[in-house]
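Student: Have a peek at model.pdb (PDB, C-alpha atoms).
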MODEL        1
ATOM      1  CA  MET A   1     -57.823 -13.137 -14.867
ATOM      2  CA  ASN A   2     -58.906  -9.619 -15.832
ATOM      3  CA  LEU A   3     -56.606  -7.455 -13.702
ATOM      4  CA  LYS A   4     -58.327  -4.245 -14.771
ATOM      5  CA  GLU A   5     -61.402  -5.337 -12.812
ATOM      6  CA  LYS A   6     -59.235  -5.443  -9.680
ATOM      7  CA  ILE A   7     -57.973  -1.872 -10.100
ATOM      8  CA  ARG A   8     -60.079   0.900  -8.606
ATOM      9  CA  VAL A   9     -60.376   4.276 -10.332
ATOM     10  CA  ILE A  10     -60.602   7.251  -7.956
ATOM     11  CA  PRO A  11     -61.698  10.554  -9.488
ATOM     12  CA  ASP A  12     -59.956  13.843  -8.689
ATOM     13  CA  PHE A  13     -56.880  12.394  -6.946
ATOM     14  CA  PRO A  14     -54.333  13.795  -6.330
ATOM     15  CA  GLU A  15     -55.824  16.799  -8.198
ATOM     16  CA  PRO A  16     -59.165  17.707  -9.772
ATOM     17  CA  GLY A  17     -59.543  16.109 -13.216
ATOM     18  CA  ILE A  18     -57.163  13.196 -12.615
ATOM     19  CA  ARG A  19     -58.671   9.700 -12.535
ATOM     20  CA  PHE A  20     -56.204   7.898 -10.276
ATOM     21  CA  LYS A  21     -55.641   4.195 -10.917
ATOM     22  CA  ASP A  22     -55.521   2.663  -7.434
ATOM     23  CA  ILE A  23     -53.815  -0.742  -7.396
ATOM     24  CA  THR A  24     -54.249  -1.308  -3.648
ATOM     25  CA  THR A  25     -57.495  -3.191  -4.332
ATOM     26  CA  LEU A  26     -55.499  -5.575  -6.538
ATOM     27  CA  LEU A  27     -52.646  -5.909  -4.009
ATOM     28  CA  GLN A  28     -54.966  -6.859  -1.159
ATOM     29  CA  ASP A  29     -56.494  -9.658  -3.279
ATOM     30  CA  GLY A  30     -54.019 -12.515  -2.770
ATOM     31  CA  GLN A  31     -54.930 -14.354  -5.966
ATOM     32  CA  ALA A  32     -54.795 -11.270  -8.159
ATOM     33  CA  PHE A  33     -51.502 -10.104  -6.620
ATOM     34  CA  ARG A  34     -49.896 -13.494  -7.184
ATOM     35  CA  TYR A  35     -51.172 -13.658 -10.761
ATOM     36  CA  ALA A  36     -49.810 -10.179 -11.545
ATOM     37  CA  ILE A  37     -46.368 -10.889 -10.069
ATOM     38  CA  ASP A  38     -46.170 -14.258 -11.836
ATOM     39  CA  ARG A  39     -46.802 -12.581 -15.175
ATOM     40  CA  LEU A  40     -44.187  -9.898 -14.504
ATOM     41  CA  ALA A  41     -41.729 -12.608 -13.416
ATOM     42  CA  GLN A  42     -42.339 -14.531 -16.623
ATOM     43  CA  TYR A  43     -41.384 -11.408 -18.558
ATOM     44  CA  ALA A  44     -38.277 -10.787 -16.425
ATOM     45  CA  LYS A  45     -37.162 -14.402 -16.923
ATOM     46  CA  GLU A  46     -37.527 -14.067 -20.683
ATOM     47  CA  ARG A  47     -35.278 -11.001 -20.457
ATOM     48  CA  ASN A  48     -32.687 -13.032 -18.479
ATOM     49  CA  ALA A  49     -32.629 -10.599 -15.560
ATOM     50  CA  ASP A  50     -29.889 -10.944 -12.926
ATOM     51  CA  LEU A  51     -31.392  -8.202 -10.770
ATOM     52  CA  ILE A  52     -34.712  -6.383 -10.378
ATOM     53  CA  ALA A  53     -34.626  -2.677  -9.517
ATOM     54  CA  GLY A  54     -37.545  -0.460  -8.553
ATOM     55  CA  PRO A  55     -38.035   3.151  -7.440
ATOM     56  CA  GLU A  56     -39.441   3.987  -4.012
ATOM     57  CA  ALA A  57     -42.105   3.483  -2.777
ATOM     58  CA  ARG A  58     -44.687   1.859  -5.075
ATOM     59  CA  GLY A  59     -41.993   0.333  -7.265
ATOM     60  CA  PHE A  60     -40.846  -1.671  -4.231
ATOM     61  CA  VAL A  61     -44.260  -3.343  -4.043
ATOM     62  CA  LEU A  62     -43.742  -4.958  -7.451
ATOM     63  CA  ALA A  63     -39.956  -5.178  -7.824
ATOM     64  CA  ALA A  64     -39.333  -6.949  -4.488
ATOM     65  CA  PRO A  65     -41.786  -9.854  -4.992
ATOM     66  CA  LEU A  66     -40.711 -10.107  -8.627
ATOM     67  CA  ALA A  67     -37.076 -10.532  -7.517
ATOM     68  CA  TYR A  68     -38.113 -13.031  -4.836
ATOM     69  CA  SER A  69     -40.168 -15.042  -7.308
ATOM     70  CA  MET A  70     -37.172 -15.397  -9.677
ATOM     71  CA  GLY A  71     -34.526 -15.888  -6.997
ATOM     72  CA  ALA A  72     -32.908 -12.675  -8.252
ATOM     73  CA  GLY A  73     -31.551  -9.830  -6.143
ATOM     74  CA  PHE A  74     -33.594  -6.682  -5.491
ATOM     75  CA  VAL A  75     -32.056  -3.208  -5.836
ATOM     76  CA  PRO A  76     -33.920  -0.254  -4.289
ATOM     77  CA  VAL A  77     -33.786   3.150  -5.989
ATOM     78  CA  ARG A  78     -34.552   5.792  -3.386
ATOM     79  CA  LYS A  79     -35.182   9.474  -2.811
ATOM     80  CA  ALA A  80     -32.075  11.463  -1.854
ATOM     81  CA  GLY A  81     -30.598  10.846   1.595
ATOM     82  CA  LYS A  82     -32.267   7.507   2.300
ATOM     83  CA  LEU A  83     -29.538   5.095   1.204
ATOM     84  CA  PRO A  84     -26.740   4.834   3.781
ATOM     85  CA  GLY A  85     -23.835   3.782   1.534
ATOM     86  CA  GLU A  86     -22.000   5.547  -1.280
ATOM     87  CA  THR A  87     -24.495   6.502  -3.988
ATOM     88  CA  VAL A  88     -24.835   7.923  -7.462
ATOM     89  CA  THR A  89     -27.568  10.522  -7.891
ATOM     90  CA  VAL A  90     -29.782  11.812 -10.696
ATOM     91  CA  SER A  91     -31.970  14.932 -10.628
ATOM     92  CA  TYR A  92     -35.262  15.120 -12.473
ATOM     93  CA  ASP A  93     -37.872  17.800 -13.038
ATOM     94  CA  LEU A  94     -41.214  17.783 -11.289
ATOM     95  CA  GLU A  95     -44.159  19.983 -12.177
ATOM     96  CA  TYR A  96     -42.818  22.419  -9.581
ATOM     97  CA  GLY A  97     -39.115  22.112  -8.774
ATOM     98  CA  LYS A  98     -36.788  19.127  -8.868
ATOM     99  CA  ASP A  99     -36.362  15.819  -7.139
ATOM    100  CA  LYS A 100     -33.473  13.387  -6.827
ATOM    101  CA  LEU A 101     -33.140   9.612  -7.019
ATOM    102  CA  GLU A 102     -30.187   7.574  -5.772
ATOM    103  CA  ILE A 103     -28.766   4.076  -6.074
ATOM    104  CA  HIS A 104     -25.946   2.430  -4.138
ATOM    105  CA  ARG A 105     -22.735   2.540  -6.159
ATOM    106  CA  ASP A 106     -22.049  -1.151  -5.418
ATOM    107  CA  ALA A 107     -25.621  -2.334  -6.133
ATOM    108  CA  ILE A 108     -24.938  -3.423  -9.725
ATOM    109  CA  LYS A 109     -21.821  -4.881 -11.325
ATOM    110  CA  PRO A 110     -20.948  -3.829 -14.895
ATOM    111  CA  GLY A 111     -22.672  -6.136 -17.383
ATOM    112  CA  GLN A 112     -25.384  -7.373 -15.033
ATOM    113  CA  ARG A 113     -28.804  -7.536 -16.671
ATOM    114  CA  VAL A 114     -31.380  -5.485 -14.772
ATOM    115  CA  VAL A 115     -35.143  -5.438 -15.238
ATOM    116  CA  LEU A 116     -36.823  -2.326 -13.796
ATOM    117  CA  ALA A 117     -40.302  -2.522 -12.313
ATOM    118  CA  ASP A 118     -42.761   0.175 -11.277
ATOM    119  CA  ASP A 119     -46.494   0.434 -10.800
ATOM    120  CA  LEU A 120     -47.255   3.017 -13.475
ATOM    121  CA  LEU A 121     -45.882   4.230 -16.804
ATOM    122  CA  ALA A 122     -47.187   7.788 -17.231
ATOM    123  CA  THR A 123     -44.806  10.288 -18.884
ATOM    124  CA  GLY A 124     -41.815   8.089 -18.036
ATOM    125  CA  GLY A 125     -39.874  10.622 -15.958
ATOM    126  CA  THR A 126     -39.221   8.454 -12.910
ATOM    127  CA  ILE A 127     -38.296   5.358 -14.883
ATOM    128  CA  GLY A 128     -36.082   7.381 -17.225
ATOM    129  CA  SER A 129     -34.116   8.595 -14.178
ATOM    130  CA  THR A 130     -33.899   5.033 -12.848
ATOM    131  CA  ILE A 131     -32.474   3.876 -16.191
ATOM    132  CA  LYS A 132     -29.782   6.580 -16.009
ATOM    133  CA  LEU A 133     -28.686   5.341 -12.585
ATOM    134  CA  VAL A 134     -28.508   1.695 -13.675
ATOM    135  CA  GLU A 135     -26.532   2.572 -16.800
ATOM    136  CA  GLU A 136     -24.155   4.859 -14.902
ATOM    137  CA  LEU A 137     -23.153   1.768 -12.891
ATOM    138  CA  GLY A 138     -22.598  -0.227 -16.088
ATOM    139  CA  GLY A 139     -25.774  -2.295 -15.747
ATOM    140  CA  VAL A 140     -27.655  -3.439 -18.849
ATOM    141  CA  VAL A 141     -31.331  -2.427 -18.795
ATOM    142  CA  ALA A 142     -32.741  -5.711 -20.057
ATOM    143  CA  GLY A 143     -36.367  -4.609 -19.791
ATOM    144  CA  VAL A 144     -38.850  -2.323 -18.094
ATOM    145  CA  ALA A 145     -42.064  -3.717 -16.589
ATOM    146  CA  PHE A 146     -45.160  -1.909 -15.324
ATOM    147  CA  MET A 147     -48.412  -2.899 -13.744
ATOM    148  CA  ILE A 148     -50.234  -0.077 -15.588
ATOM    149  CA  GLU A 149     -49.490   1.900 -18.742
ATOM    150  CA  LEU A 150     -51.296   5.160 -19.540
ATOM    151  CA  THR A 151     -50.860   4.864 -23.310
ATOM    152  CA  TYR A 152     -52.274   8.361 -24.030
ATOM    153  CA  LEU A 153     -49.274   9.925 -22.186
ATOM    154  CA  ASN A 154     -46.922   8.166 -24.617
ATOM    155  CA  GLY A 155     -44.262   7.235 -22.044
ATOM    156  CA  ARG A 156     -42.987   4.613 -24.482
ATOM    157  CA  GLU A 157     -41.496   7.421 -26.553
ATOM    158  CA  ILE A 158     -38.940   8.186 -23.784
ATOM    159  CA  LEU A 159     -38.305   4.427 -23.489
ATOM    160  CA  LYS A 160     -38.057   3.735 -27.234
ATOM    161  CA  ASP A 161     -34.544   2.253 -26.912
ATOM    162  CA  TYR A 162     -35.726  -0.286 -24.321
ATOM    163  CA  ASP A 163     -37.946  -3.338 -24.135
ATOM    164  CA  VAL A 164     -41.182  -2.322 -22.362
ATOM    165  CA  PHE A 165     -43.901  -4.557 -20.904
ATOM    166  CA  SER A 166     -47.133  -3.602 -19.144
ATOM    167  CA  LEU A 167     -49.911  -5.721 -17.665
ATOM    168  CA  VAL A 168     -52.849  -3.301 -18.014
ATOM    169  CA  GLN A 169     -53.335  -0.406 -20.417
ATOM    170  CA  TYR A 170     -55.605   2.653 -20.243
TER     171      TYR A 170
ATOM    172  CA  MET B   1     -27.432 -19.326   6.014
ATOM    173  CA  ASN B   2     -26.014 -16.664   8.323
ATOM    174  CA  LEU B   3     -28.043 -13.604   7.358
ATOM    175  CA  LYS B   4     -26.031 -11.320   9.636
ATOM    176  CA  GLU B   5     -23.042 -11.778   7.339
ATOM    177  CA  LYS B   6     -25.142 -10.364   4.478
ATOM    178  CA  ILE B   7     -26.047  -7.184   6.397
ATOM    179  CA  ARG B   8     -23.646  -4.252   6.139
ATOM    180  CA  VAL B   9     -23.059  -1.980   9.138
ATOM    181  CA  ILE B  10     -22.488   1.682   8.219
ATOM    182  CA  PRO B  11     -21.090   3.916  10.979
ATOM    183  CA  ASP B  12     -22.479   7.389  11.667
ATOM    184  CA  PHE B  13     -25.639   7.121   9.536
ATOM    185  CA  PRO B  14     -28.028   8.902   9.621
ATOM    186  CA  GLU B  15     -26.305  10.679  12.552
ATOM    187  CA  PRO B  16     -22.920  10.494  14.296
ATOM    188  CA  GLY B  17     -22.776   7.577  16.724
ATOM    189  CA  ILE B  18     -25.404   5.441  15.018
ATOM    190  CA  ARG B  19     -24.263   2.158  13.437
ATOM    191  CA  PHE B  20     -26.836   1.737  10.675
ATOM    192  CA  LYS B  21     -27.789  -1.820   9.721
ATOM    193  CA  ASP B  22     -27.979  -1.730   5.926
ATOM    194  CA  ILE B  23     -30.016  -4.611   4.500
ATOM    195  CA  THR B  24     -29.546  -3.585   0.849
ATOM    196  CA  THR B  25     -26.517  -5.908   0.614
ATOM    197  CA  LEU B  26     -28.791  -8.777   1.658
ATOM    198  CA  LEU B  27     -31.606  -7.740  -0.716
ATOM    199  CA  GLN B  28     -29.340  -7.625  -3.755
ATOM    200  CA  ASP B  29     -28.145 -11.206  -3.043
ATOM    201  CA  GLY B  30     -30.887 -13.319  -4.643
ATOM    202  CA  GLN B  31     -30.230 -16.418  -2.525
ATOM    203  CA  ALA B  32     -30.106 -14.522   0.767
ATOM    204  CA  PHE B  33     -33.231 -12.505  -0.076
ATOM    205  CA  ARG B  34     -35.175 -15.642  -0.961
ATOM    206  CA  TYR B  35     -34.004 -17.413   2.202
ATOM    207  CA  ALA B  36     -35.018 -14.474   4.399
ATOM    208  CA  ILE B  37     -38.480 -14.148   2.837
ATOM    209  CA  ASP B  38     -39.059 -17.915   3.027
ATOM    210  CA  ARG B  39     -38.341 -17.862   6.759
ATOM    211  CA  LEU B  40     -40.646 -14.890   7.314
ATOM    212  CA  ALA B  41     -43.343 -16.644   5.247
ATOM    213  CA  GLN B  42     -43.008 -19.789   7.339
ATOM    214  CA  TYR B  43     -43.687 -17.674  10.422
ATOM    215  CA  ALA B  44     -46.670 -15.914   8.823
ATOM    216  CA  LYS B  45     -48.153 -19.272   7.776
ATOM    217  CA  GLU B  46     -47.831 -20.590  11.338
ATOM    218  CA  ARG B  47     -49.752 -17.486  12.463
ATOM    219  CA  ASN B  48     -52.503 -18.238   9.886
ATOM    220  CA  ALA B  49     -52.249 -14.827   8.242
ATOM    221  CA  ASP B  50     -54.945 -13.754   5.772
ATOM    222  CA  LEU B  51     -53.129 -10.538   4.928
ATOM    223  CA  ILE B  52     -49.635  -9.063   5.257
ATOM    224  CA  ALA B  53     -49.349  -5.335   6.045
ATOM    225  CA  GLY B  54     -46.193  -3.223   6.034
ATOM    226  CA  PRO B  55     -45.318   0.453   6.526
ATOM    227  CA  GLU B  56     -43.747   2.521   3.740
ATOM    228  CA  ALA B  57     -41.126   2.281   2.344
ATOM    229  CA  ARG B  58     -38.764  -0.395   3.675
ATOM    230  CA  GLY B  59     -41.652  -2.402   5.098
ATOM    231  CA  PHE B  60     -42.934  -2.824   1.522
ATOM    232  CA  VAL B  61     -39.684  -4.602   0.570
ATOM    233  CA  LEU B  62     -40.446  -7.430   3.005
ATOM    234  CA  ALA B  63     -44.240  -7.404   3.326
ATOM    235  CA  ALA B  64     -44.964  -7.550  -0.428
ATOM    236  CA  PRO B  65     -42.824 -10.633  -1.234
ATOM    237  CA  LEU B  66     -44.005 -12.271   1.975
ATOM    238  CA  ALA B  67     -47.634 -11.834   0.876
ATOM    239  CA  TYR B  68     -46.801 -13.072  -2.635
ATOM    240  CA  SER B  69     -45.014 -16.125  -1.269
ATOM    241  CA  MET B  70     -48.074 -17.134   0.793
ATOM    242  CA  GLY B  71     -50.701 -16.199  -1.776
ATOM    243  CA  ALA B  72     -52.012 -13.654   0.742
ATOM    244  CA  GLY B  73     -53.027 -10.069   0.046
ATOM    245  CA  PHE B  74     -50.678  -7.156   0.738
ATOM    246  CA  VAL B  75     -51.870  -4.019   2.529
ATOM    247  CA  PRO B  76     -49.699  -0.880   2.326
ATOM    248  CA  VAL B  77     -49.508   1.484   5.304
ATOM    249  CA  ARG B  78     -48.424   4.897   4.025
ATOM    250  CA  LYS B  79     -47.419   8.390   5.036
ATOM    251  CA  ALA B  80     -50.297  10.901   5.078
ATOM    252  CA  GLY B  81     -51.765  11.931   1.725
ATOM    253  CA  LYS B  82     -50.401   9.043  -0.350
ATOM    254  CA  LEU B  83     -53.381   6.680  -0.316
ATOM    255  CA  PRO B  84     -56.139   7.804  -2.700
ATOM    256  CA  GLY B  85     -59.178   6.195  -1.050
ATOM    257  CA  GLU B  86     -60.909   6.785   2.286
ATOM    258  CA  THR B  87     -58.378   6.267   5.087
ATOM    259  CA  VAL B  88     -57.981   6.048   8.828
ATOM    260  CA  THR B  89     -55.014   7.945  10.261
ATOM    261  CA  VAL B  90     -52.765   7.709  13.293
ATOM    262  CA  SER B  91     -50.272  10.337  14.491
ATOM    263  CA  TYR B  92     -47.026   9.390  16.178
ATOM    264  CA  ASP B  93     -44.166  11.292  17.762
ATOM    265  CA  LEU B  94     -40.804  11.681  16.092
ATOM    266  CA  GLU B  95     -37.660  12.984  17.746
ATOM    267  CA  TYR B  96     -38.691  16.432  16.454
ATOM    268  CA  GLY B  97     -42.387  16.875  15.682
ATOM    269  CA  LYS B  98     -45.019  14.394  14.573
ATOM    270  CA  ASP B  99     -45.724  12.177  11.612
ATOM    271  CA  LYS B 100     -48.838  10.397  10.358
ATOM    272  CA  LEU B 101     -49.539   6.944   8.951
ATOM    273  CA  GLU B 102     -52.640   5.919   7.041
ATOM    274  CA  ILE B 103     -54.418   2.780   5.875
ATOM    275  CA  HIS B 104     -57.344   2.398   3.488
ATOM    276  CA  ARG B 105     -60.565   1.948   5.436
ATOM    277  CA  ASP B 106     -61.595  -0.994   3.240
ATOM    278  CA  ALA B 107     -58.185  -2.706   3.312
ATOM    279  CA  ILE B 108     -59.047  -5.119   6.125
ATOM    280  CA  LYS B 109     -62.335  -6.798   7.039
ATOM    281  CA  PRO B 110     -63.174  -7.268  10.730
ATOM    282  CA  GLY B 111     -61.755 -10.556  11.999
ATOM    283  CA  GLN B 112     -59.123 -10.970   9.271
ATOM    284  CA  ARG B 113     -55.782 -12.145  10.621
ATOM    285  CA  VAL B 114     -52.972  -9.758   9.706
ATOM    286  CA  VAL B 115     -49.228 -10.290  10.071
ATOM    287  CA  LEU B 116     -47.219  -7.055  10.022
ATOM    288  CA  ALA B 117     -43.740  -6.943   8.515
ATOM    289  CA  ASP B 118     -41.001  -4.317   8.648
ATOM    290  CA  ASP B 119     -37.241  -4.262   8.235
ATOM    291  CA  LEU B 120     -36.299  -3.118  11.736
ATOM    292  CA  LEU B 121     -37.618  -3.294  15.292
ATOM    293  CA  ALA B 122     -35.981  -0.396  17.143
ATOM    294  CA  THR B 123     -38.120   1.405  19.754
ATOM    295  CA  GLY B 124     -41.307   0.086  18.130
ATOM    296  CA  GLY B 125     -42.943   3.426  17.339
ATOM    297  CA  THR B 126     -43.735   2.815  13.679
ATOM    298  CA  ILE B 127     -45.002  -0.708  14.196
ATOM    299  CA  GLY B 128     -47.061   0.363  17.210
ATOM    300  CA  SER B 129     -48.832   2.915  14.994
ATOM    301  CA  THR B 130     -49.360   0.292  12.308
ATOM    302  CA  ILE B 131     -50.969  -2.013  14.889
ATOM    303  CA  LYS B 132     -53.373   0.773  15.916
ATOM    304  CA  LEU B 133     -54.512   1.197  12.308
ATOM    305  CA  VAL B 134     -55.081  -2.532  11.773
ATOM    306  CA  GLU B 135     -57.023  -2.857  15.022
ATOM    307  CA  GLU B 136     -59.116   0.245  14.303
ATOM    308  CA  LEU B 137     -60.384  -1.612  11.213
ATOM    309  CA  GLY B 138     -61.221  -4.681  13.297
ATOM    310  CA  GLY B 139     -58.256  -6.718  12.061
ATOM    311  CA  VAL B 140     -56.567  -9.250  14.344
ATOM    312  CA  VAL B 141     -52.807  -8.677  14.644
ATOM    313  CA  ALA B 142     -51.742 -12.319  14.367
ATOM    314  CA  GLY B 143     -48.034 -11.569  14.521
ATOM    315  CA  VAL B 144     -45.288  -9.033  13.876
ATOM    316  CA  ALA B 145     -42.205  -9.995  11.845
ATOM    317  CA  PHE B 146     -38.920  -8.129  11.403
ATOM    318  CA  MET B 147     -35.735  -8.695   9.483
ATOM    319  CA  ILE B 148     -33.685  -7.100  12.295
ATOM    320  CA  GLU B 149     -34.306  -6.566  16.006
ATOM    321  CA  LEU B 150     -32.193  -4.144  18.065
ATOM    322  CA  THR B 151     -32.740  -5.948  21.357
ATOM    323  CA  TYR B 152     -31.014  -3.230  23.462
ATOM    324  CA  LEU B 153     -33.787  -0.756  22.511
ATOM    325  CA  ASN B 154     -36.357  -3.117  24.022
ATOM    326  CA  GLY B 155     -39.040  -2.604  21.351
ATOM    327  CA  ARG B 156     -40.648  -5.873  22.491
ATOM    328  CA  GLU B 157     -41.892  -4.058  25.584
ATOM    329  CA  ILE B 158     -44.277  -1.960  23.448
ATOM    330  CA  LEU B 159     -45.277  -5.162  21.620
ATOM    331  CA  LYS B 160     -45.688  -7.333  24.726
ATOM    332  CA  ASP B 161     -49.313  -8.196  23.886
ATOM    333  CA  TYR B 162     -48.334  -9.505  20.436
ATOM    334  CA  ASP B 163     -46.425 -12.399  18.940
ATOM    335  CA  VAL B 164     -43.067 -11.052  17.689
ATOM    336  CA  PHE B 165     -40.558 -12.747  15.384
ATOM    337  CA  SER B 166     -37.201 -11.471  14.101
ATOM    338  CA  LEU B 167     -34.603 -13.043  11.820
ATOM    339  CA  VAL B 168     -31.471 -11.288  13.083
ATOM    340  CA  GLN B 169     -30.742  -9.743  16.481
ATOM    341  CA  TYR B 170     -28.155  -7.142  17.534
TER     342      TYR B 170
ENDMDL
END
I'd like the structure from this file rewritten - as structure tokens, please.
Tutor:
Amino acid sequence: MNLKEKIRVIPDFPEPGIRFKDITTLLQDGQAFRYAIDRLAQYAKERNADLIAGPEARGFVLAAPLAYSMGAGFVPVRKAGKLPGETVTVSYDLEYGKDKLEIHRDAIKPGQRVVLADDLLATGGTIGSTIKLVEELGGVVAGVAFMIELTYLNGREILKDYDVFSLVQY
Amino acid sequence: MNLKEKIRVIPDFPEPGIRFKDITTLLQDGQAFRYAIDRLAQYAKERNADLIAGPEARGFVLAAPLAYSMGAGFVPVRKAGKLPGETVTVSYDLEYGKDKLEIHRDAIKPGQRVVLADDLLATGGTIGSTIKLVEELGGVVAGVAFMIELTYLNGREILKDYDVFSLVQY
């Protein structure tokens, strides 16, 4: 199946000049969604993942079914203030200002192998912050999986110490 | 499996006096997560769902694996400004002020049977707004499924015209 044909490109979103890759057309196609998750799950199995973690909100859409498919646990990484238990926090720079991501302190046991999943690898800022959280808890980042990779933004450079997999490249 | 044993109760979150039902302990347990999704999927199959829709962000954690499990499509319902295509919007009241939810106009074809999934049925405000969006597109709300139902808040009253299913009740 050619997944790229299922992804819609929307010009000038969220800003003029950006050609947004909209995966909702893929998600709402049951066959394409299943095929995409199965391929991500195959990767995560090869990496011997104990847990799948994903950043809110679009990361949840891939990481949760991926975890389900493998029978692995799912760990949500959330914006500050959303997780009710004790957390560890990382700050990261946005174009204007800063944002924070959090993970529950008891979400990962030291030595557990964690595959991270998100919809899009652009510059790698969000996933780099997610890696920091997993490693602060002693988790092993066994791999990083994306639906889409924007190769011209060279996000793999930030992730050069990790195993990276993507389903569709632009 | 007793799912209630997998759910952690956190006192005074997000405000004093509230006993927050934290499902992250269930999600990170691979066996419990799979069992919960399988039971929700059994319900959605009985309701002959073509699509599964869920509101951001916690609804994604259940609705996406549920859709995957059935081979159905997944439709995200998002906060205003997040979806890149043409949307329909509904406003709903919060304790202080208003919030908006959106769905892509082409996400559902008239007559398609949609099961909605979210983590928690409290007063039913979020899911009531999600129903409005699905019906505005001509979708048939075939059922509404929750991980947790707070029966003392009587959210079923708002949903009395719909088929409602929950895995765990408090």
Student: Up to 8 Å from chain A, what residues of chain B turn up? Count all atoms listed in the file and give them as an NGL selection string.
Tutor: :B and (10 or 13-14 or 20 or 22 or 24-25 or 27-31 or 33-34 or 37 or 51 or 56-57 or 60-62 or 64-69 or 71-76 or 84-85 or 107)
Student: By how many Å are atom CA of A:Gln169 and atom CA of A:Met147 apart?
Tutor: 8.7 Å
Student: Around stretch 31-43 of chain B, fit a box with edges along x, y and z, padding it by 5 Å on each side, then list its centre and edge lengths in Å to one decimal as AutoDock Vina command-line options.
Tutor:
--center_x -36.9 --center_y -16.1 --center_z 3.9 --size_x 23.6 --size_y 17.3 --size_z 22.9
Student: Measure the distance from atom CA of B:Arg39 to atom CA of A:Pro55 in Å and round it to one decimal.
Tutor: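 Here the two named atoms are 25.4 Å from each other.
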Student: Considering only C-alpha atoms, can you say which of A:Val88, A:Leu101, A:Val77, A:Leu159 comes closest to A:Leu137?
Tutor: A:Val88
Student: Rounded to one decimal place, report the atom CA of B:Val164-atom CA of B:Ser91 distance in Å.
Tutor: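 Here the two named atoms are 22.8 Å from each other.
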Student: Once the PyMOL selection byres ((chain A and resi 148) around 10) is applied to the coordinates I shared, what remains selected? I want it as a list in words.
Tutor: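 That expression, the PyMOL selection byres ((chain A and resi 148) around 10), corresponds here to Leu3, Lys4, Ile7, Lys21, Ile23, Asp118, Asp119, Leu120, Leu121, Ala122, Ala145, Phe146, Met147, Glu149, Leu150, Thr151, Phe165, Ser166, Leu167, Val168, Gln169 and Tyr170 of chain A.
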Student: Considering all atoms listed in the file, return as a list in words whatever protein or nucleic-acid residues lie within 9 Å of A:Thr89, sequence-local ones (same chain, fewer than 2 positions apart) excluded.
Tutor: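 Once the adjacent positions are removed, what remains is Ala80, Thr87, Ser91, Lys100, Leu101, Glu102, Ile103 and Leu133 of chain A.
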